Amino acid sequence: MTTASTSFIDRRTVIDWLGIVPFMVFALAFLIVPTLYLIVGAFFNPAGEFTFQNIVDLFSPSILSAYWISIRVSVASALGGALIGFFLAWAVVLGGVPSWIRSSLLTFSGVASNFAGVPLAFAFLATLGRTGLVTVFMRDWFGFNLYSTGFNLLSFFGLTITYMFFQIPLMVLILTPALDGLKKEWREASEILGASSWQYWRMVVLPILWPSLMGATLLLFANAFGAIATAFALTGASLNIVPILLYAQIRGDVLHNPNLGYALALGMIVITGISNILYIWLRSRAERWQK
Amino acid sequence: MKVHKIFAWIAITIGAIYFFVPLIGTFEFSLRMRRGVYSFDAYQSVFTDAQFRATFGFSMLMALVTIVVGMLLIVPTAYWVRLRLPQMRPVVEFITLLPLVIPAIVIVFGYLRLYNSSSWIPFTGSTQGTNILLTFSYVTLALPYMYRSVDTAMRTIDVRTLTEAAEILGAKWPTIMFRCIFPNVMSGVLSGAFITFAIVMGEFTMAALLNRPAFGPYLQLVGANKAYEPSALAVIAFAITWLSMGLIQLVSRFGKLSPARP
């Protein structure tokens, strides 16, 4: 009798685990194993011997410069997006603007943060390209030639302001709930204690908000770092950021070493991975204040 | 009090300029095809392009298949994890977030090494196989969004009670799944579906590297070769994104009104 019941429990446990087999098989086959394949491949040479040479070769000037420009574009667009996004979120939560502005901003942010890729590049070419609306407008009305100042949309600066179009809305979406979590009582309490507005922001708001701010900025950074379609459509292959270099490597082995290509991919995973882990850690700290 | 209201309006103005000027610029540019006057020639040129219709149709079909495959995979998994394997929740959640951490280009690079025509599972050996692989790659990309929207919808229903009630009434598991669970998480399924639709329609990296004639690579090709059509296409793409997001809002509003909340 007891044996029958234990075997029944075992069967139930087996069935329980069978339930997520399809999902696990899918995740292994199309997410985990392909990624591990590249990670492992980064530590072998074409002859199949274990080596750190690929990692060392990542530090050659051409690859290093690709990482450097990728990191610069991602940092600049994340900081720019975080700054403007913060002020927008602040304006709709605490700035006392009409509530319809808040709901339209949040709806629009939901759309704009998903409007990336190739069409975004077209939009900025039509606006700030050589014959774009703003360029022509400034030339005809103010006699100001944007392109004579050395500005070029197909450059570090151009890519940064293009990326900010989806970075700002993302920041707004993440920060609005965090700012909503600032309790009115905290402000009142600090005012009663004689704090100035500056002291309230520096000593109350900032310590509470910094995990959200930092975390969101890191998420924005990772978001920009992995993006390729916008940059590809905007600059072709002329701006040598890491995803475009990797694209060229996949297409035609431009590095002349397939395993160095794996190392390039590993480098991307490490960078986006670290920023995401920090983001998750900071978010868990931020959530303590949002209860 | 006055001062910070002024700052708020300055911030809103800067944001509005940043958001609207590129959209106005794109629309204005798309009307410029005929010299001297505004016209919809660029749109006409786009809509009469056979390749536009072919790639748009291909991506639509891909999006639909992705949504069906993705939901058949995710709804039962989310249900099962809630009902029987709550200890696996963090693991499953972590896996569904991985596609946000690993860049798409890295994932597809792995596919090309692992599933090429000389490997054990030669997906890319045939057109049909590549289409299947592309579908799976889209399911992977949509995983974070689909899982989160389904799981959020499932939080509002009591899966355990619903399942027990159905079992007492003699329902077998397909009945429980498709006539009990699916209808109750429909709002989540639909909002996951619309965001997946928006993602697949604009996706470039996967389709380009797997050499499939999807809408994203077509956009890139037009951008490299034509002057005014890209703007018209950007306006169309923005409309698709706007439509998908609008439908999500609509669905979530109806979701709150729908009955069957135990």
# chains A, B, ... in the order shown; residues from 1 in each chain; ligands from 1
>>> residues_around(residues="B:Ala239", least_positions_apart="5", cutoff="10 Å", atoms="only C-alpha atoms", output="list in words")
Val111 and Phe115 of chain A; Leu233, Ala234, Ser244 and Met245 of chain B
>>> write_last_selection(atoms="N, CA and C atoms", output="PDB file, in the first residue's frame")
ATOM      1  N   VAL A 111       4.765  54.023 -27.443  1.00  0.00           N
ATOM      2  CA  VAL A 111       4.948  53.846 -28.883  1.00  0.00           C
ATOM      3  C   VAL A 111       6.388  54.133 -29.274  1.00  0.00           C
ATOM      4  N   PHE A 115       9.627  52.295 -31.302  1.00  0.00           N
ATOM      5  CA  PHE A 115       9.860  52.745 -32.675  1.00  0.00           C
ATOM      6  C   PHE A 115      11.359  52.876 -32.881  1.00  0.00           C
TER       7      PHE A 115
ATOM      8  N   LEU B 233       7.838  54.994 -46.071  1.00  0.00           N
ATOM      9  CA  LEU B 233       7.862  53.717 -45.346  1.00  0.00           C
ATOM     10  C   LEU B 233       7.991  53.940 -43.843  1.00  0.00           C
ATOM     11  N   ALA B 234       8.777  54.966 -43.450  1.00  0.00           N
ATOM     12  CA  ALA B 234       8.914  55.251 -42.017  1.00  0.00           C
ATOM     13  C   ALA B 234       7.572  55.680 -41.443  1.00  0.00           C
ATOM     14  N   SER B 244      -0.471  49.067 -33.126  1.00  0.00           N
ATOM     15  CA  SER B 244      -0.283  47.945 -32.200  1.00  0.00           C
ATOM     16  C   SER B 244      -0.419  48.401 -30.756  1.00  0.00           C
ATOM     17  N   MET B 245       0.229  49.544 -30.434  1.00  0.00           N
ATOM     18  CA  MET B 245       0.186  50.025 -29.053  1.00  0.00           C
ATOM     19  C   MET B 245      -1.220  50.489 -28.684  1.00  0.00           C
TER      20      MET B 245
END
>>> interface_residues(of="chain A", to="chain B", cutoff="8 Å", atoms="only C-alpha atoms", output="PDB file with N, CA and C atoms, in the first residue's frame")
ATOM      1  N   ASP A  16       4.706  16.598 -13.269  1.00  0.00           N
ATOM      2  CA  ASP A  16       4.924  18.017 -12.984  1.00  0.00           C
ATOM      3  C   ASP A  16       6.091  18.571 -13.790  1.00  0.00           C
ATOM      4  N   TRP A  17       7.199  17.832 -13.750  1.00  0.00           N
ATOM      5  CA  TRP A  17       8.383  18.325 -14.454  1.00  0.00           C
ATOM      6  C   TRP A  17       8.251  18.222 -15.958  1.00  0.00           C
ATOM      7  N   GLY A  19       5.777  18.990 -17.604  1.00  0.00           N
ATOM      8  CA  GLY A  19       4.994  20.135 -18.058  1.00  0.00           C
ATOM      9  C   GLY A  19       5.822  21.283 -18.613  1.00  0.00           C
ATOM     10  N   ILE A  20       7.039  21.480 -18.079  1.00  0.00           N
ATOM     11  CA  ILE A  20       7.818  22.598 -18.612  1.00  0.00           C
ATOM     12  C   ILE A  20       8.916  22.124 -19.565  1.00  0.00           C
ATOM     13  N   PRO A  22       8.659  21.298 -22.820  1.00  0.00           N
ATOM     14  CA  PRO A  22       8.678  22.004 -24.114  1.00  0.00           C
ATOM     15  C   PRO A  22       9.361  23.366 -24.023  1.00  0.00           C
ATOM     16  N   PHE A  23       9.041  24.110 -22.966  1.00  0.00           N
ATOM     17  CA  PHE A  23       9.636  25.431 -22.811  1.00  0.00           C
ATOM     18  C   PHE A  23      11.141  25.335 -22.626  1.00  0.00           C
ATOM     19  N   ALA A  27      14.014  26.861 -24.968  1.00  0.00           N
ATOM     20  CA  ALA A  27      14.989  27.829 -24.454  1.00  0.00           C
ATOM     21  C   ALA A  27      16.415  27.333 -24.669  1.00  0.00           C
ATOM     22  N   PHE A  30      17.148  27.357 -28.701  1.00  0.00           N
ATOM     23  CA  PHE A  30      17.157  28.596 -29.472  1.00  0.00           C
ATOM     24  C   PHE A  30      17.657  29.804 -28.706  1.00  0.00           C
ATOM     25  N   LEU A  31      18.123  29.573 -27.489  1.00  0.00           N
ATOM     26  CA  LEU A  31      18.614  30.715 -26.725  1.00  0.00           C
ATOM     27  C   LEU A  31      19.927  30.368 -26.029  1.00  0.00           C
ATOM     28  N   PRO A  34      22.860  28.064 -28.443  1.00  0.00           N
ATOM     29  CA  PRO A  34      23.555  28.902 -29.440  1.00  0.00           C
ATOM     30  C   PRO A  34      24.489  29.927 -28.801  1.00  0.00           C
ATOM     31  N   THR A  35      24.070  30.499 -27.675  1.00  0.00           N
ATOM     32  CA  THR A  35      24.922  31.481 -27.009  1.00  0.00           C
ATOM     33  C   THR A  35      26.148  30.814 -26.397  1.00  0.00           C
ATOM     34  N   TYR A  37      27.510  28.097 -27.347  1.00  0.00           N
ATOM     35  CA  TYR A  37      28.378  27.664 -28.441  1.00  0.00           C
ATOM     36  C   TYR A  37      29.401  28.761 -28.781  1.00  0.00           C
ATOM     37  N   LEU A  38      28.909  30.014 -28.858  1.00  0.00           N
ATOM     38  CA  LEU A  38      29.800  31.139 -29.169  1.00  0.00           C
ATOM     39  C   LEU A  38      30.765  31.405 -28.019  1.00  0.00           C
ATOM     40  N   ILE A  84      17.020  63.978 -20.118  1.00  0.00           N
ATOM     41  CA  ILE A  84      15.781  64.550 -20.659  1.00  0.00           C
ATOM     42  C   ILE A  84      14.576  63.748 -20.167  1.00  0.00           C
ATOM     43  N   PHE A  87      13.693  64.753 -16.618  1.00  0.00           N
ATOM     44  CA  PHE A  87      12.993  66.033 -16.508  1.00  0.00           C
ATOM     45  C   PHE A  87      11.560  65.923 -17.012  1.00  0.00           C
ATOM     46  N   LEU A  88      11.353  65.119 -18.059  1.00  0.00           N
ATOM     47  CA  LEU A  88       9.980  64.933 -18.555  1.00  0.00           C
ATOM     48  C   LEU A  88       9.125  64.222 -17.513  1.00  0.00           C
ATOM     49  N   TRP A  90       9.664  64.072 -14.327  1.00  0.00           N
ATOM     50  CA  TRP A  90       9.491  64.996 -13.208  1.00  0.00           C
ATOM     51  C   TRP A  90       8.387  66.009 -13.521  1.00  0.00           C
ATOM     52  N   ALA A  91       8.398  66.525 -14.761  1.00  0.00           N
ATOM     53  CA  ALA A  91       7.423  67.554 -15.131  1.00  0.00           C
ATOM     54  C   ALA A  91       6.002  67.011 -15.035  1.00  0.00           C
ATOM     55  N   VAL A  92       5.775  65.767 -15.490  1.00  0.00           N
ATOM     56  CA  VAL A  92       4.393  65.277 -15.475  1.00  0.00           C
ATOM     57  C   VAL A  92       3.977  64.767 -14.097  1.00  0.00           C
ATOM     58  N   GLY A  95       5.530  68.415 -11.637  1.00  0.00           N
ATOM     59  CA  GLY A  95       5.614  69.765 -12.182  1.00  0.00           C
ATOM     60  C   GLY A  95       4.295  70.509 -12.225  1.00  0.00           C
ATOM     61  N   GLY A  96       3.193  69.815 -11.937  1.00  0.00           N
ATOM     62  CA  GLY A  96       1.903  70.495 -11.906  1.00  0.00           C
ATOM     63  C   GLY A  96       1.339  70.832 -13.276  1.00  0.00           C
ATOM     64  N   VAL A  97       1.711  70.045 -14.311  1.00  0.00           N
ATOM     65  CA  VAL A  97       1.105  70.275 -15.630  1.00  0.00           C
ATOM     66  C   VAL A  97      -0.222  69.516 -15.695  1.00  0.00           C
ATOM     67  N   GLY A 110       5.185  54.805 -24.810  1.00  0.00           N
ATOM     68  CA  GLY A 110       5.007  53.393 -25.124  1.00  0.00           C
ATOM     69  C   GLY A 110       5.229  53.115 -26.598  1.00  0.00           C
ATOM     70  N   VAL A 111       4.765  54.023 -27.443  1.00  0.00           N
ATOM     71  CA  VAL A 111       4.948  53.846 -28.883  1.00  0.00           C
ATOM     72  C   VAL A 111       6.388  54.133 -29.274  1.00  0.00           C
ATOM     73  N   ASN A 114       9.219  51.765 -28.719  1.00  0.00           N
ATOM     74  CA  ASN A 114       9.222  50.611 -29.615  1.00  0.00           C
ATOM     75  C   ASN A 114       9.476  51.002 -31.063  1.00  0.00           C
ATOM     76  N   PHE A 115       9.627  52.295 -31.302  1.00  0.00           N
ATOM     77  CA  PHE A 115       9.860  52.745 -32.675  1.00  0.00           C
ATOM     78  C   PHE A 115      11.359  52.876 -32.881  1.00  0.00           C
ATOM     79  N   GLY A 117      14.924  50.735 -34.910  1.00  0.00           N
ATOM     80  CA  GLY A 117      15.246  50.012 -36.127  1.00  0.00           C
ATOM     81  C   GLY A 117      15.382  50.918 -37.334  1.00  0.00           C
ATOM     82  N   VAL A 118      15.176  50.313 -38.512  1.00  0.00           N
ATOM     83  CA  VAL A 118      15.434  51.006 -39.767  1.00  0.00           C
ATOM     84  C   VAL A 118      14.573  52.271 -39.935  1.00  0.00           C
ATOM     85  N   PRO A 119      13.254  52.223 -39.675  1.00  0.00           N
ATOM     86  CA  PRO A 119      12.439  53.425 -39.895  1.00  0.00           C
ATOM     87  C   PRO A 119      12.898  54.637 -39.093  1.00  0.00           C
ATOM     88  N   LEU A 120      13.445  54.408 -37.901  1.00  0.00           N
ATOM     89  CA  LEU A 120      13.931  55.532 -37.086  1.00  0.00           C
ATOM     90  C   LEU A 120      15.068  56.255 -37.806  1.00  0.00           C
ATOM     91  N   PHE A 122      15.418  56.451 -41.009  1.00  0.00           N
ATOM     92  CA  PHE A 122      14.794  57.223 -42.093  1.00  0.00           C
ATOM     93  C   PHE A 122      14.236  58.535 -41.553  1.00  0.00           C
ATOM     94  N   ALA A 123      13.596  58.453 -40.384  1.00  0.00           N
ATOM     95  CA  ALA A 123      12.977  59.646 -39.815  1.00  0.00           C
ATOM     96  C   ALA A 123      14.030  60.720 -39.548  1.00  0.00           C
ATOM     97  N   PHE A 124      15.184  60.305 -39.015  1.00  0.00           N
ATOM     98  CA  PHE A 124      16.201  61.320 -38.717  1.00  0.00           C
ATOM     99  C   PHE A 124      16.913  61.797 -39.973  1.00  0.00           C
ATOM    100  N   ALA A 126      15.381  62.247 -42.771  1.00  0.00           N
ATOM    101  CA  ALA A 126      14.438  63.188 -43.357  1.00  0.00           C
ATOM    102  C   ALA A 126      14.383  64.490 -42.566  1.00  0.00           C
ATOM    103  N   THR A 127      14.880  64.455 -41.326  1.00  0.00           N
ATOM    104  CA  THR A 127      14.800  65.643 -40.481  1.00  0.00           C
ATOM    105  C   THR A 127      16.121  66.398 -40.439  1.00  0.00           C
ATOM    106  N   GLY A 132      17.168  67.475 -45.142  1.00  0.00           N
ATOM    107  CA  GLY A 132      16.094  67.262 -44.175  1.00  0.00           C
ATOM    108  C   GLY A 132      15.387  68.551 -43.796  1.00  0.00           C
ATOM    109  N   LEU A 133      14.225  68.401 -43.170  1.00  0.00           N
ATOM    110  CA  LEU A 133      13.353  69.535 -42.850  1.00  0.00           C
ATOM    111  C   LEU A 133      14.079  70.595 -42.018  1.00  0.00           C
ATOM    112  N   VAL A 134      14.711  70.159 -40.928  1.00  0.00           N
ATOM    113  CA  VAL A 134      15.342  71.120 -40.029  1.00  0.00           C
ATOM    114  C   VAL A 134      16.540  71.776 -40.697  1.00  0.00           C
ATOM    115  N   PHE A 165      15.987  59.161 -29.388  1.00  0.00           N
ATOM    116  CA  PHE A 165      14.544  59.162 -29.690  1.00  0.00           C
ATOM    117  C   PHE A 165      13.845  57.983 -29.021  1.00  0.00           C
ATOM    118  N   ALA A 222      22.586  49.345 -22.112  1.00  0.00           N
ATOM    119  CA  ALA A 222      22.572  48.019 -22.733  1.00  0.00           C
ATOM    120  C   ALA A 222      21.677  48.016 -23.972  1.00  0.00           C
ATOM    121  N   GLY A 226      23.350  46.963 -27.863  1.00  0.00           N
ATOM    122  CA  GLY A 226      23.037  45.822 -28.717  1.00  0.00           C
ATOM    123  C   GLY A 226      22.339  46.197 -30.011  1.00  0.00           C
ATOM    124  N   ALA A 227      21.912  47.463 -30.136  1.00  0.00           N
ATOM    125  CA  ALA A 227      21.132  47.868 -31.312  1.00  0.00           C
ATOM    126  C   ALA A 227      22.004  47.916 -32.547  1.00  0.00           C
ATOM    127  N   ILE A 228      21.450  47.445 -33.653  1.00  0.00           N
ATOM    128  CA  ILE A 228      22.224  47.503 -34.891  1.00  0.00           C
ATOM    129  C   ILE A 228      21.459  48.121 -36.041  1.00  0.00           C
ATOM    130  N   ALA A 229      20.144  47.836 -36.164  1.00  0.00           N
ATOM    131  CA  ALA A 229      19.408  48.180 -37.382  1.00  0.00           C
ATOM    132  C   ALA A 229      19.442  49.670 -37.673  1.00  0.00           C
ATOM    133  N   ALA A 233      21.179  51.278 -41.002  1.00  0.00           N
ATOM    134  CA  ALA A 233      20.428  52.017 -42.012  1.00  0.00           C
ATOM    135  C   ALA A 233      20.895  53.465 -42.100  1.00  0.00           C
ATOM    136  N   PRO A 243      28.290  46.053 -33.074  1.00  0.00           N
ATOM    137  CA  PRO A 243      27.308  45.208 -33.760  1.00  0.00           C
ATOM    138  C   PRO A 243      27.495  45.197 -35.284  1.00  0.00           C
ATOM    139  N   LEU A 246      30.406  43.002 -36.049  1.00  0.00           N
ATOM    140  CA  LEU A 246      30.002  41.605 -35.899  1.00  0.00           C
ATOM    141  C   LEU A 246      29.155  41.160 -37.096  1.00  0.00           C
ATOM    142  N   TYR A 247      28.286  42.066 -37.558  1.00  0.00           N
ATOM    143  CA  TYR A 247      27.465  41.789 -38.738  1.00  0.00           C
ATOM    144  C   TYR A 247      28.353  41.481 -39.942  1.00  0.00           C
ATOM    145  N   ILE A 250      29.972  38.094 -39.505  1.00  0.00           N
ATOM    146  CA  ILE A 250      29.078  36.975 -39.782  1.00  0.00           C
ATOM    147  C   ILE A 250      28.911  36.815 -41.293  1.00  0.00           C
ATOM    148  N   ARG A 251      28.769  37.937 -41.974  1.00  0.00           N
ATOM    149  CA  ARG A 251      28.553  37.917 -43.419  1.00  0.00           C
ATOM    150  C   ARG A 251      29.782  37.423 -44.181  1.00  0.00           C
ATOM    151  N   ALA A 265      31.536  38.435 -30.050  1.00  0.00           N
ATOM    152  CA  ALA A 265      30.190  38.239 -29.505  1.00  0.00           C
ATOM    153  C   ALA A 265      30.244  38.109 -27.994  1.00  0.00           C
ATOM    154  N   MET A 268      30.398  41.390 -26.326  1.00  0.00           N
ATOM    155  CA  MET A 268      29.084  42.063 -26.262  1.00  0.00           C
ATOM    156  C   MET A 268      28.241  41.507 -25.132  1.00  0.00           C
ATOM    157  N   ILE A 269      28.238  40.152 -24.999  1.00  0.00           N
ATOM    158  CA  ILE A 269      27.429  39.536 -23.945  1.00  0.00           C
ATOM    159  C   ILE A 269      27.909  39.999 -22.578  1.00  0.00           C
ATOM    160  N   THR A 272      26.721  43.761 -22.044  1.00  0.00           N
ATOM    161  CA  THR A 272      25.281  43.898 -21.788  1.00  0.00           C
ATOM    162  C   THR A 272      24.899  43.109 -20.537  1.00  0.00           C
ATOM    163  N   GLY A 273      25.580  41.983 -20.300  1.00  0.00           N
ATOM    164  CA  GLY A 273      25.280  41.167 -19.128  1.00  0.00           C
ATOM    165  C   GLY A 273      25.570  41.914 -17.831  1.00  0.00           C
ATOM    166  N   ASN A 276      23.081  44.651 -17.215  1.00  0.00           N
ATOM    167  CA  ASN A 276      21.768  44.148 -16.802  1.00  0.00           C
ATOM    168  C   ASN A 276      21.764  43.610 -15.381  1.00  0.00           C
TER     169      ASN A 276
END
>>> residues_around(residues="stretch 172-176 of chain A", least_positions_apart="4", cutoff="8 Å", atoms="only C-alpha atoms", output="PDB file with C-alpha atoms, in the first residue's frame")
ATOM      1  CA  GLY A  85      13.640  61.559 -19.673  1.00  0.00           C
ATOM      2  CA  PHE A  86      14.075  62.431 -15.994  1.00  0.00           C
ATOM      3  CA  LEU A  88       9.980  64.933 -18.555  1.00  0.00           C
ATOM      4  CA  ALA A  89       8.922  62.398 -15.928  1.00  0.00           C
ATOM      5  CA  TRP A  90       9.491  64.996 -13.208  1.00  0.00           C
ATOM      6  CA  VAL A  93       4.557  63.826 -11.948  1.00  0.00           C
ATOM      7  CA  LEU A 106       3.018  57.954 -21.298  1.00  0.00           C
ATOM      8  CA  SER A 109       6.429  56.898 -24.790  1.00  0.00           C
ATOM      9  CA  GLY A 110       5.007  53.393 -25.124  1.00  0.00           C
ATOM     10  CA  ILE A 168      14.059  59.244 -23.684  1.00  0.00           C
ATOM     11  CA  ASP A 180       5.060  58.513  -8.216  1.00  0.00           C
ATOM     12  CA  SER A 212      16.152  53.832 -10.051  1.00  0.00           C
ATOM     13  CA  LEU A 213      18.109  56.490 -11.913  1.00  0.00           C
ATOM     14  CA  ALA A 216      17.447  52.845 -15.707  1.00  0.00           C
TER      15      ALA A 216
END
>>> residues_around(residues="A:Val204", least_positions_apart="6", cutoff="10 Å", atoms="only C-alpha atoms", output="PyMOL selection string")
chain A and resi 182+186-187+190+198
>>> select_by_dssp(residues="stretch 9-225 of chain B", states="alpha helix (DSSP H)", output="JSON, numbers by chain")
{"B": [9, 10, 11, 12, 13, 14, 15, 16, 17, 18, 19, 20, 21, 22, 23, 24, 25, 26, 27, 28, 29, 30, 41, 42, 43, 44, 45, 46, 47, 50, 51, 52, 53, 54, 55, 56, 57, 58, 59, 60, 61, 62, 63, 64, 65, 66, 67, 68, 69, 70, 71, 72, 73, 74, 75, 76, 77, 78, 79, 80, 81, 82, 83, 89, 90, 91, 92, 93, 94, 95, 96, 97, 98, 99, 100, 101, 104, 105, 106, 107, 108, 109, 110, 111, 112, 113, 114, 127, 128, 129, 130, 131, 132, 133, 134, 135, 136, 137, 138, 139, 140, 141, 142, 143, 144, 145, 146, 147, 148, 149, 150, 151, 152, 153, 154, 155, 159, 160, 161, 162, 163, 164, 165, 166, 167, 168, 173, 174, 175, 182, 183, 184, 186, 187, 188, 189, 190, 191, 192, 193, 194, 195, 196, 197, 198, 199, 200, 201, 202, 205, 206, 207, 208, 209, 215, 216, 217, 218, 219, 220, 221, 222, 223, 224, 225]}
>>> residues_around(residues="A:Tyr279", least_positions_apart="2", cutoff="8 Å", atoms="only C-alpha atoms", output="number ranges by chain")
A: 214-216, 218-219, 275-277, 281-283
>>> write_last_selection(atoms="N, CA and C atoms", output="PDB file, in the first residue's frame")
ATOM      1  N   MET A 214      20.145  55.207 -11.647  1.00  0.00           N
ATOM      2  CA  MET A 214      21.320  54.475 -12.126  1.00  0.00           C
ATOM      3  C   MET A 214      20.900  53.238 -12.907  1.00  0.00           C
ATOM      4  N   GLY A 215      19.939  52.494 -12.323  1.00  0.00           N
ATOM      5  CA  GLY A 215      19.490  51.256 -12.957  1.00  0.00           C
ATOM      6  C   GLY A 215      18.918  51.520 -14.332  1.00  0.00           C
ATOM      7  N   ALA A 216      18.064  52.538 -14.419  1.00  0.00           N
ATOM      8  CA  ALA A 216      17.447  52.845 -15.707  1.00  0.00           C
ATOM      9  C   ALA A 216      18.501  53.280 -16.721  1.00  0.00           C
ATOM     10  N   LEU A 218      21.584  52.319 -16.817  1.00  0.00           N
ATOM     11  CA  LEU A 218      22.296  51.113 -17.256  1.00  0.00           C
ATOM     12  C   LEU A 218      21.480  50.339 -18.284  1.00  0.00           C
ATOM     13  N   LEU A 219      20.152  50.267 -18.054  1.00  0.00           N
ATOM     14  CA  LEU A 219      19.291  49.569 -18.999  1.00  0.00           C
ATOM     15  C   LEU A 219      19.320  50.261 -20.360  1.00  0.00           C
ATOM     16  N   SER A 275      25.810  45.145 -17.356  1.00  0.00           N
ATOM     17  CA  SER A 275      24.916  46.282 -17.105  1.00  0.00           C
ATOM     18  C   SER A 275      23.532  45.808 -16.686  1.00  0.00           C
ATOM     19  N   ASN A 276      23.081  44.651 -17.215  1.00  0.00           N
ATOM     20  CA  ASN A 276      21.768  44.148 -16.802  1.00  0.00           C
ATOM     21  C   ASN A 276      21.764  43.610 -15.381  1.00  0.00           C
ATOM     22  N   ILE A 277      22.862  42.925 -14.988  1.00  0.00           N
ATOM     23  CA  ILE A 277      22.935  42.416 -13.617  1.00  0.00           C
ATOM     24  C   ILE A 277      22.906  43.581 -12.631  1.00  0.00           C
ATOM     25  N   TRP A 281      20.055  44.398  -9.771  1.00  0.00           N
ATOM     26  CA  TRP A 281      20.437  44.619  -8.378  1.00  0.00           C
ATOM     27  C   TRP A 281      19.931  45.980  -7.894  1.00  0.00           C
ATOM     28  N   LEU A 282      20.123  47.014  -8.731  1.00  0.00           N
ATOM     29  CA  LEU A 282      19.694  48.353  -8.332  1.00  0.00           C
ATOM     30  C   LEU A 282      18.178  48.444  -8.245  1.00  0.00           C
ATOM     31  N   ARG A 283      17.476  47.699  -9.149  1.00  0.00           N
ATOM     32  CA  ARG A 283      16.019  47.751  -9.134  1.00  0.00           C
ATOM     33  C   ARG A 283      15.483  47.144  -7.839  1.00  0.00           C
TER      34      ARG A 283
END
>>> residues_around(residues="B:Ala193", least_positions_apart="5", cutoff="10 Å", atoms="only C-alpha atoms", output="ChimeraX atom specification")
/B:63-64,66-68,70-71,142,145-146,149-150,187-188,198-199,244,248
>>> atom_distance(atom1="atom CA of B:Cys180", atom2="atom CA of B:Val75")
11.9 Å
>>> closest_residue(among="A:Val136, A:Val40, A:Ile101, A:Val33", to="A:Asn54", atoms="only C-alpha atoms")
A:Val40
>>> residues_around(residues="B:Thr127", least_positions_apart="5", cutoff="12 Å", atoms="only C-alpha atoms", output="list in words")
Ser117, Pro122, Ile132, Leu133, Leu134, Leu210, Asn211, Arg212 and Pro213 of chain B
>>> write_last_selection(atoms="N, CA and C atoms", output="compact mmCIF listing (two decimals), in the first residue's frame")
# COMPACT_ATOMS: atom_id res chain seq x y z
N SER B 117 23.95 24.25 -42.78
CA SER B 117 23.58 23.08 -43.58
C SER B 117 24.47 21.87 -43.34
N PRO B 122 20.17 20.71 -39.68
CA PRO B 122 20.43 21.73 -40.71
C PRO B 122 19.20 22.57 -41.04
N ILE B 132 11.28 28.26 -40.57
CA ILE B 132 10.97 27.75 -39.23
C ILE B 132 11.94 28.35 -38.21
N LEU B 133 13.24 28.37 -38.58
CA LEU B 133 14.24 28.93 -37.67
C LEU B 133 13.97 30.42 -37.41
N LEU B 134 13.55 31.14 -38.47
CA LEU B 134 13.24 32.56 -38.31
C LEU B 134 12.06 32.75 -37.36
N LEU B 210 19.56 35.70 -41.82
CA LEU B 210 19.06 34.40 -42.27
C LEU B 210 18.63 34.46 -43.75
N ASN B 211 18.85 35.65 -44.36
CA ASN B 211 18.54 35.82 -45.79
C ASN B 211 17.09 35.55 -46.16
N ARG B 212 16.15 36.01 -45.35
CA ARG B 212 14.75 35.85 -45.69
C ARG B 212 14.17 37.19 -46.14
N PRO B 213 13.26 37.15 -47.15
CA PRO B 213 12.74 38.41 -47.72
C PRO B 213 11.70 39.06 -46.82
